[in-house]
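To start, the structure under review is shown below, and the notes come after it.
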2 protein chains.
Amino acid sequence: MLSLIGIGLWDAEDISLKGLDIVKKADKIYFESYTSKLGCSIKKLERVYGRKVLVADRNLVEDGKEILKEAEKNDVVLLIMGDVFGATTHMDLFLRAKKKKIRTAIVNNASVLTAVGITGLSLYNFGKIISIPFDNKGIKSSYNKFLENKKNGLHSLFLLDLRVKEKNLMSIKEGLNYLIRNGLSKTNLCVGCAGLGSKKPEIKFGKVKDLLKFKFKKLPQCLIVPGKLQFYEEEALEFWK
Amino acid sequence: MLSLIGIGLWDAEDISLKGLDIVKKADKIYFESYTSKLGCSIKKLERVYGRKVLVADRNLVEDGKEILKEAEKNDVVLLIMGDVFGATTHMDLFLRAKKKKIRTAIVNNASVLTAVGITGLSLYNFGKIISIPFDNKGIKSSYNKFLENKKNGLHSLFLLDLRVKEKNLMSIKEGLNYLIRNGLSKTNLCVGCAGLGSKKPEIKFGKVKDLLKFKFKKLPQCLIVPGKLQFYEEEALEFWK
C-alpha cells in the first residue's frame, strides 16, 4: 500500500489524526524533502510521530521504482509538505501505483494556495499560480503569466524557488527584484507573506518599494500582486499595511 | 481568544493535532454549519474531539457579536469546514477580533480548492473559482466567468450551492444542466468529483453527456471544465475516464 499524506505547512503537529494513524502503522515512512520547507526539523517530526522518517530526495521520488516496489508488499508512506497534489511528481507516483494495482490512500492537508487567504484576498479571484526560479536571467515566462493575470483582473500568487541541499530559499525581495527587472513599477501594490501556517505569519501589504525595505524573518516566503480588488479585499489589506 | 480552526473535508479525524489541542483546552466550541458539508456527523466530531460542539448558523457567525464578546474573556473556537479563509465571513470575524485586540489563532487545513488536484489537473492552471447558485434562472454571471477562464485557457472549478437546513446539496447533474442551458456543449469534456477528502472519492472524466448519466453517490460534489491541457494532465485525466 502507498499512502500519500499531506503534512501541512509548518509544525509537526499539523498532521491530521487520520494521517498520524496511517504513519503509526506503516512499515516505512519517507519524507519528500525538495518541494518546500517546513518550520520544524525532521527530528521533530520523528518525535511527534513516534516513528523513524527517511528523507526522500527528488531522484528517489521522481524515479519512484524503489518506493513502488516496496509498496507492493509493505505499507509505505510518503509524507508531503502542504497538500498532496501540489507537484506533478506526486500525481505521477499515485497513478503508477494505481496502474500496478497497489492500494493507495490520500490524506489531504493545508496548502499555501489556500493559506494565503489570511491576506483577505478572495481565493476565488486568483489567476494562474506563478513560480519564480532562481535562474531567471532572461526568463520572461513568469512575468508574462503575471501580465496575463493582470489583464484579466486576477490576483497573482508567486511561489519562490528553493534549493533544499544548499538550504537556500528565495526571499520576497529577490522575487520582487525579478519582477522589477521585467517591468513592475516600484509603486505597484503587493503583499508579502512569510511563515504561512506558523503561529505568527508575517503579512505585509504596501508598495513594492516599501516591501523591498521590510525585513521578513521567516521562510518560506511568497508574494502576491493583487488584481482588481473588491471592497472587502481592500478593507482586509488595509489591516496588513 | 478566538481560534479559527480548519477541520478539513470529510472525517472527524481530519483535524490536525494542533487543532485538536486547542479544541481540548477551549471554553466553548462552535461549528460553522453553513458553508459546506462534512462526511461525518457532529456527534462523531464530539466523540473524536471529546468535547461538546455547538452548531453556529450563518446569522451567528455573520453577526459575530456574541462570539467576539465571549472571545474577549474566554477561549472560543470556531470550527470551519475545509480551510479557514474560504468564506469572506471568516476573514471579517478574524479582522474584527484583531481590531478589538482579542488574541487569535489560525489553524489551516485541507480545502476542496487543492483536493481537486487528485484529478491530475495542475493546481497552477485554474482560473477564477465559480459558484453555481440554486436560484440560477437568468443568472449569467457564473457562465460568463467560465467563458473568461476558457478564453484564457484556464481550468474552471465550479463549487455547487447547498441549503444546509433543507439538507439539499446541488449535484453535478444540476450544475451541468445550468451550464448546458447557458450554452455548454454536451460533447465538452469535464470532470466530476464527489466526496473529495473521503477514503474513496468518486472522480469521473468524460463528455458532459456521459457525466449526466454517471451516478455519483457521495456529497458534496463539484465540477471542473478543463481549459488548455498539458500532456501530463491529459495522461492523468485518462485514468478517470
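A note on labels: chains of the C-alpha cells are A, B, ... as shown, every chain counts residues from 1, and ligands are counted from 1 in their shown order.
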*Using only C-alpha atoms, which chain A residues lie at most 8 Å away from chain B, written as an MDAnalysis selection string?*
chainID A and resid 8 13:19 83:86 88 91:92 95 105:111 113:115 117:118 120 122:130 154 197 199 236 239
*asked:* Which residues are close to Tyr30 (chain B), i.e. within 7 Å by only C-alpha atoms, leaving aside same-chain residues fewer than 4 positions away? Reply as a list of chain:residue names.
replied: B:Val53, B:Leu54, B:Val55, B:Ala56, B:Val77, B:Leu78, B:Leu79
*Considering only C-alpha atoms, return as a PyMOL selection string whatever protein or nucleic-acid residues lie within 8 Å of Lys209 (chain B), sequence-local ones (same chain, fewer than 3 positions apart) excluded.*
chain B and resi 186-187+212-213
*Closest of B:Val76, B:Ile132, B:Leu68, B:Leu60 to Asp27 (chain B) - atom-to-atom distances counting only C-alpha atoms*: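 Under the stated criterion, the closest residue is B:Val76.
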*Between CA of Phe205 (chain A) and CA of Glu238 (chain A), what is the distance, to one decimal in Å?*
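About the pair CA of Phe205 (chain A) and CA of Glu238 (chain A): they are 7.4 Å apart.
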*Surrounding residues of Asn177 (chain A) excluding itself and chain neighbours under 4 positions, 12 Å, only C-alpha atoms, as an MDAnalysis selection string*: chainID A and resid 132 134 136:137 143 170:173 181:186 208:209 211:213 223
Limited to C-alpha atoms, could you put the picked residues into a file as a PDB file, in the first residue's frame?
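Written file, again29.pdb:
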```
ATOM      1  CA  ILE A 132       9.893  32.362  -9.945  1.00  0.00           C
ATOM      2  CA  PHE A 134      16.480  31.224  -9.083  1.00  0.00           C
ATOM      3  CA  ASN A 136      15.702  33.728 -14.008  1.00  0.00           C
ATOM      4  CA  LYS A 137      18.033  35.832 -16.133  1.00  0.00           C
ATOM      5  CA  TYR A 143       6.427  37.746 -15.855  1.00  0.00           C
ATOM      6  CA  MET A 170      14.264  32.734  -2.350  1.00  0.00           C
ATOM      7  CA  SER A 171      13.177  35.818  -0.434  1.00  0.00           C
ATOM      8  CA  ILE A 172      10.340  38.208  -1.236  1.00  0.00           C
ATOM      9  CA  LYS A 173      12.999  40.791  -2.033  1.00  0.00           C
ATOM     10  CA  ARG A 181      13.743  43.916 -13.759  1.00  0.00           C
ATOM     11  CA  ASN A 182      10.943  42.799 -16.039  1.00  0.00           C
ATOM     12  CA  GLY A 183       8.940  45.976 -15.729  1.00  0.00           C
ATOM     13  CA  LEU A 184       6.897  46.009 -12.497  1.00  0.00           C
ATOM     14  CA  SER A 185       6.616  49.533 -11.128  1.00  0.00           C
ATOM     15  CA  LYS A 186       8.015  50.182  -7.652  1.00  0.00           C
ATOM     16  CA  VAL A 208       6.800  47.345  -3.964  1.00  0.00           C
ATOM     17  CA  LYS A 209       9.395  49.893  -2.783  1.00  0.00           C
ATOM     18  CA  LEU A 211       8.150  45.816   0.797  1.00  0.00           C
ATOM     19  CA  LEU A 212      11.717  45.836  -0.511  1.00  0.00           C
ATOM     20  CA  LYS A 213      12.708  47.548   2.735  1.00  0.00           C
ATOM     21  CA  LEU A 223       4.450  37.126  -2.890  1.00  0.00           C
TER      22      LEU A 223
END
```
*Using DSSP on the backbone coordinates, identify the residues of region 51-234 of chain A assigned to strand (DSSP E); present them as a ChimeraX atom specification.*
/A:54-56,76-80,104-107,130-132,156-160,162-163,168-169,189-194,202-207,221-225
*asked:* Please list as a ChimeraX atom specification every residue within 10 Å of Thr89 (chain A), counting only C-alpha atoms and excluding residues in the same chain fewer than 6 positions away.
replied: /A:58,61-64,95
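Between CA of Leu45 (chain B) and CA of Asn59 (chain B) the interatomic distance comes to 22.1 Å.
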